[in-house]
Protein chains: 2
Amino acid sequence: MSHDIAHQVSIALGDRSYAISIASGLLSQPSAWQGLPRAATALIVTNDTVGPLYAADLTRSLSAHYPKVLTLSLPDGEAYKTWETLQSIFDVLLQNACDRKTVLFALGGGVVGDITGFAAACYMRGVPFVQVPTTLLAQVDSSVGGKTAINHPIGKNMVGAFYQPERVVCDLQTLQSLPARELSAGLAEVIKYGPIADMLFFDWIEQHIDALLQRDAQALAYAVQRSCEIKAHVVGQDERESGLRAILNFGHTFGHAIEAGLGFGQWLHGEAVGCGMVMAAQLSQRLGLVDAAFTERLSALIARAGLPTVGPALGVEAYLHHMRVDKKAEAGDIRFVLIDPPGTALVRGAPDALVADVLQACCR
Amino acid sequence: MSHDIAHQVSIALGDRSYAISIASGLLSQPSAWQGLPRAATALIVTNDTVGPLYAADLTRSLSAHYPKVLTLSLPDGEAYKTWETLQSIFDVLLQNACDRKTVLFALGGGVVGDITGFAAACYMRGVPFVQVPTTLLAQVDSSVGGKTAINHPIGKNMVGAFYQPERVVCDLQTLQSLPARELSAGLAEVIKYGPIADMLFFDWIEQHIDALLQRDAQALAYAVQRSCEIKAHVVGQDERESGLRAILNFGHTFGHAIEAGLGFGQWLHGEAVGCGMVMAAQLSQRLGLVDAAFTERLSALIARAGLPTVGPALGVEAYLHHMRVDKKAEAGDIRFVLIDPPGTALVRGAPDALVADVLQACCR
């Protein structure tokens, strides 16, 4: 893999600003790991799928900077994004007498990033951490912007913190080992950035969807870079989601209902978001905000990315119930991210009857 | 109780600034609860000792501002400052479909304040909360400055967040129901502010220690106000304890070792801090930073406050071990808060041999 595809995106958050490095081979490239906070110990948190592939490379790179480099491998999967797993990170830190300068490295996908980030936010009231995302979804979305969390039995990501990493290091090489289903799931979050922020990028994705599915290095590099630029721009204006940032949840309100209704883990998060975007576009259309041509165009691209565009038939009441406990809901009123016009998103409510129409049209 | 003793201290932290209100009868005074964030629901978190005394008053006051006011009563004591208790707060919030505008009220001492503040920091990545401290220790120290945490089996306050409240409301009337031992424990933290920041305040405490022990309203009001002013000044300069704020831990390094060595809950935190200040003064003296007259004067005041000045004979090695896992320690080097000269504190290391001498002189 060539090293000439190298990008750097900055995320501007005052004294919490940081860089996102995007290139192939960064895991073993010494320069990617320079200038991080000094400490006696670094702890790599990974999982049983990613660890065997990449933990040794990262350990080698970090050993040049930290006297002691520990690795903790978690079981793989959303089911382990729990307090018990979080506790196992604290146990390792305390058993190794890690002080509050210790740097945590999250090597893996969204689950590893979210839980490691939350561990860093809480250990001794906050230690530095670095995101090293190895899935497309984590590289284009979850590793950027400082949202960290664990799940509660009653709801996903209900316990967490806004806590920014020191740096995000996206080694594009890791995407070559990603299962096809996870690649598609990541593309859902890439596609998302078009309707909410940049229809020129949407055009580009339409033109390069086959190259992306074939894991063309140049196409992946641009998709990750542009996604991170848009996310950085939005987060830079609204770090704690008091307004604008909510547009990044396009497709997520319906998507969370699919995940919760089927039981988390049945559909991948990106799959649910893909289908949820079709529903949100349909709702936008029924509210007169976009035309049918846009909805069809979005739906076609989502299908080409290998994602579902038809929702599971959970029943309207189940969908509404799960959407009412979404974090964006206020006093039980569901807040939808809608498109008006393509390239711009807004957050608003919608009549239950209209939402029911959309669900009936989109599910079977 | 007269309403004419009313003070307001401001804590300046940019957009996280807030006010500390100090007066008798605030729990049932409508004006104390105006101007807080609006929400559908307020949750009062208290404990089984304080709740029966004050939760009804607070509920009545808050009912004028929130459509729904819930109360959760936790078991009383440091032993319950755990993840399980924290989880019980999240359970109540989610079972009542509380959204991310919900306001939490911490009605109780340091344990209730720390755990409720941490719950507020994490629930849906952060909801507003108000500190309503009902012990002297919480009013003069733990409720102010945004340190929140729970304990880990291996160490106290190891998992937490810096998260500022919307407001601190100190109803001095609540101090009248405080057990004598807890009043003394709170006085340890009041006395602390003298040597580290203000020897004129130390003079005042010496002159008013009997009035404070007799719970004279005017004396308590001034002690709480001046303590909060000093704490606000320090925290305003160093919110996240990257430097100066560590001086607030005067007596706490030795104190934590006493608590950990005996098992948490044997000595009250304030008792351990009182004794720890004597040890830290002794260490300062042996390093030539203060004279014997100062050490004796501090020790005498701590004794008059009803606090222990002689430490438990845990053995030097046990003390050193517990101090090495203190959050201030770096790579196993213990950092002590020392006095140089009276009215000014600094943070530095000290030779183990000298620390051993101090422990041998101060324990039996």
# chains A, B, ... in the order shown; residues from 1 in each chain; ligands from 1
>>> interface_residues(of="chain A", to="chain B", cutoff="9 Å", atoms="only C-alpha atoms", output="VMD selection string")
chain A and resid 39 to 41 83 87 90 to 91 94 to 95 97 to 101 119 121 to 126 147 to 149 152 154 to 155 157 to 162 240 324 to 332
>>> write_last_selection(atoms="N, CA and C atoms", output="short mmCIF file (atom, residue, chain, number, x, y, z; two decimals), in the first residue's frame")
data_model
loop_
_atom_site.label_atom_id
_atom_site.label_comp_id
_atom_site.auth_asym_id
_atom_site.auth_seq_id
_atom_site.Cartn_x
_atom_site.Cartn_y
_atom_site.Cartn_z
N ALA A 39 4.07 9.71 29.38
CA ALA A 39 3.54 8.96 30.52
C ALA A 39 4.44 7.76 30.77
N ALA A 40 4.32 7.20 31.97
CA ALA A 40 5.07 5.99 32.28
C ALA A 40 4.47 4.79 31.56
N THR A 41 3.16 4.84 31.33
CA THR A 41 2.45 3.68 30.79
C THR A 41 1.43 4.07 29.72
N TRP A 83 -21.11 -1.85 31.69
CA TRP A 83 -20.35 -1.46 32.86
C TRP A 83 -19.31 -2.53 33.24
N GLN A 87 -15.49 -1.76 33.77
CA GLN A 87 -14.83 -2.06 35.04
C GLN A 87 -13.54 -2.84 34.82
N PHE A 90 -10.80 -0.42 34.22
CA PHE A 90 -10.34 0.21 35.47
C PHE A 90 -9.50 -0.77 36.29
N ASP A 91 -9.92 -2.05 36.32
CA ASP A 91 -9.18 -3.05 37.08
C ASP A 91 -7.73 -3.14 36.59
N LEU A 94 -5.75 0.01 37.60
CA LEU A 94 -5.41 0.08 39.02
C LEU A 94 -4.44 -1.02 39.43
N GLN A 95 -4.63 -2.21 38.87
CA GLN A 95 -3.72 -3.31 39.20
C GLN A 95 -2.29 -3.00 38.75
N ALA A 97 -1.11 0.04 38.80
CA ALA A 97 -0.78 1.32 39.43
C ALA A 97 -0.63 2.44 38.42
N CYS A 98 -1.53 2.46 37.42
CA CYS A 98 -1.47 3.51 36.39
C CYS A 98 -1.90 4.85 36.98
N ASP A 99 -1.06 5.87 36.80
CA ASP A 99 -1.38 7.18 37.36
C ASP A 99 -2.21 8.00 36.37
N ARG A 100 -2.46 9.27 36.72
CA ARG A 100 -3.40 10.01 35.87
C ARG A 100 -2.75 10.66 34.67
N LYS A 101 -1.52 10.24 34.36
CA LYS A 101 -0.92 10.65 33.09
C LYS A 101 -0.99 9.53 32.05
N ALA A 119 -13.87 5.19 29.52
CA ALA A 119 -12.92 4.81 30.58
C ALA A 119 -11.91 5.94 30.80
N ALA A 121 -12.36 9.09 30.13
CA ALA A 121 -13.07 10.24 30.69
C ALA A 121 -13.21 10.13 32.20
N CYS A 122 -13.33 8.89 32.70
CA CYS A 122 -13.66 8.68 34.13
C CYS A 122 -12.47 8.27 34.99
N TYR A 123 -11.45 7.62 34.42
CA TYR A 123 -10.37 7.11 35.27
C TYR A 123 -9.65 8.28 35.93
N MET A 124 -9.64 8.30 37.23
CA MET A 124 -9.06 9.42 37.99
C MET A 124 -9.58 10.77 37.48
N ARG A 125 -10.84 10.79 37.08
CA ARG A 125 -11.53 11.98 36.55
C ARG A 125 -10.94 12.48 35.23
N GLY A 126 -10.27 11.57 34.49
CA GLY A 126 -9.86 11.96 33.15
C GLY A 126 -8.38 11.77 32.86
N LYS A 147 -17.83 11.73 21.46
CA LYS A 147 -18.94 11.04 22.13
C LYS A 147 -18.45 9.69 22.62
N THR A 148 -18.57 9.46 23.93
CA THR A 148 -18.17 8.17 24.50
C THR A 148 -19.35 7.67 25.32
N ALA A 149 -19.46 6.36 25.49
CA ALA A 149 -20.61 5.84 26.24
C ALA A 149 -20.52 4.34 26.43
N HIS A 152 -26.97 0.91 28.67
CA HIS A 152 -27.72 0.53 29.86
C HIS A 152 -28.74 -0.50 29.40
N ILE A 154 -31.70 -0.62 29.59
CA ILE A 154 -32.91 0.02 29.05
C ILE A 154 -32.62 0.84 27.78
N GLY A 155 -31.37 1.20 27.53
CA GLY A 155 -31.13 2.04 26.35
C GLY A 155 -29.67 2.10 25.97
N ASN A 157 -26.17 3.65 24.74
CA ASN A 157 -25.39 4.89 24.94
C ASN A 157 -26.01 5.82 25.98
N MET A 158 -26.70 5.28 26.95
CA MET A 158 -27.41 6.12 27.91
C MET A 158 -26.48 6.68 28.98
N VAL A 159 -25.31 6.07 29.17
CA VAL A 159 -24.37 6.50 30.19
C VAL A 159 -23.04 6.79 29.50
N GLY A 160 -22.61 8.04 29.53
CA GLY A 160 -21.37 8.38 28.82
C GLY A 160 -20.92 9.80 29.09
N ALA A 161 -20.03 10.28 28.23
CA ALA A 161 -19.47 11.62 28.42
C ALA A 161 -19.07 12.19 27.07
N PHE A 162 -19.07 13.50 26.97
CA PHE A 162 -18.38 14.16 25.87
C PHE A 162 -16.93 14.31 26.31
N ARG A 240 -21.31 19.80 22.25
CA ARG A 240 -22.11 19.03 23.19
C ARG A 240 -23.54 18.81 22.73
N ARG A 324 -39.47 7.24 21.28
CA ARG A 324 -39.77 8.18 22.38
C ARG A 324 -38.70 8.15 23.47
N VAL A 325 -37.92 7.08 23.56
CA VAL A 325 -36.85 7.06 24.57
C VAL A 325 -35.49 7.41 23.96
N ASP A 326 -35.49 7.84 22.69
CA ASP A 326 -34.27 8.33 22.06
C ASP A 326 -33.74 9.53 22.86
N LYS A 327 -32.42 9.71 22.90
CA LYS A 327 -31.85 10.82 23.68
C LYS A 327 -32.26 12.19 23.14
N LYS A 328 -32.62 12.26 21.85
CA LYS A 328 -33.04 13.56 21.29
C LYS A 328 -34.47 13.93 21.71
N ALA A 329 -35.25 12.92 22.14
CA ALA A 329 -36.64 13.18 22.52
C ALA A 329 -36.68 14.13 23.71
N GLU A 330 -37.73 14.95 23.75
CA GLU A 330 -37.90 15.87 24.89
C GLU A 330 -39.30 15.69 25.44
N ALA A 331 -39.37 15.31 26.72
CA ALA A 331 -40.67 15.07 27.37
C ALA A 331 -41.54 14.17 26.50
N GLY A 332 -40.92 13.14 25.89
CA GLY A 332 -41.67 12.16 25.12
C GLY A 332 -41.96 12.56 23.67
#
>>> residues_around(residues="Ser227 in chain B", least_positions_apart="6", cutoff="7 Å", atoms="only C-alpha atoms", output="list in words")
Val140, Val190 and Tyr193 of chain B
>>> residues_around(residues="Thr309 in chain A", least_positions_apart="2", cutoff="7 Å", atoms="only C-alpha atoms", output="list in words")
Gly274, Cys275, Val278, Ser299, Ile302, Ala303, Leu307 and Gly311 of chain A
>>> closest_residue(among="B:Cys170, B:Leu27, B:Leu62, B:Ala318", to="Gln225 in chain B", atoms="only C-alpha atoms")
B:Cys170
>>> atom_distance(atom1="CA of Asp340 in chain B", atom2="CA of Ala232 in chain B")
21.5 Å
>>> select_by_dssp(residues="range 45-260 of chain B", states="strand (DSSP E or B)", output="PyMOL selection string")
chain B and resi 45-47+68-74+103-108+123+129-133+147-152+155-162+167-171
>>> select_by_dssp(residues="range 65-297 of chain B", states="helix (DSSP H, G or I)", output="PyMOL selection string")
chain B and resi 78-80+83-95+110-122+136-142+172-177+180-197+199-213+217-237+244-249+252-262+269-286+292-297
>>> closest_residue(among="B:Pro195, B:Pro312, B:Gly35, B:Gly186", to="Val130 in chain B", atoms="only C-alpha atoms")
B:Gly35
>>> atom_distance(atom1="CA of Val347 in chain B", atom2="CA of Gln360 in chain B")
22.1 Å
>>> atom_distance(atom1="CA of Gln131 in chain B", atom2="CA of Pro67 in chain B")
20.2 Å
>>> closest_residue(among="B:Pro342, B:Pro165, B:Pro30, B:Gly261", to="Tyr319 in chain B", atoms="only C-alpha atoms")
B:Gly261
>>> residues_around(residues="range 236-239 of chain B", least_positions_apart="5", cutoff="7 Å", atoms="only C-alpha atoms", output="ChimeraX atom specification")
/B:11-13,244-245
>>> residues_around(residues="Glu78 in chain B", least_positions_apart="2", cutoff="9 Å", atoms="only C-alpha atoms", output="ChimeraX atom specification")
/B:76,80-82,110-111,151,264-265
>>> write_last_selection(atoms="C-alpha atoms", output="CSV table (one decimal), in the first residue's frame")
chain,number,residue,atom,x,y,z
B,76,ASP,CA,-26.4,6.2,53.9
B,80,TYR,CA,-22.6,2.8,49.1
B,81,LYS,CA,-20.5,5.1,46.9
B,82,THR,CA,-20.3,2.4,44.3
B,110,GLY,CA,-20.3,14.4,50.4
B,111,VAL,CA,-21.3,10.8,49.3
B,151,ASN,CA,-15.1,4.4,44.7
B,264,PHE,CA,-12.9,3.2,54.7
B,265,GLY,CA,-15.5,4.2,57.2
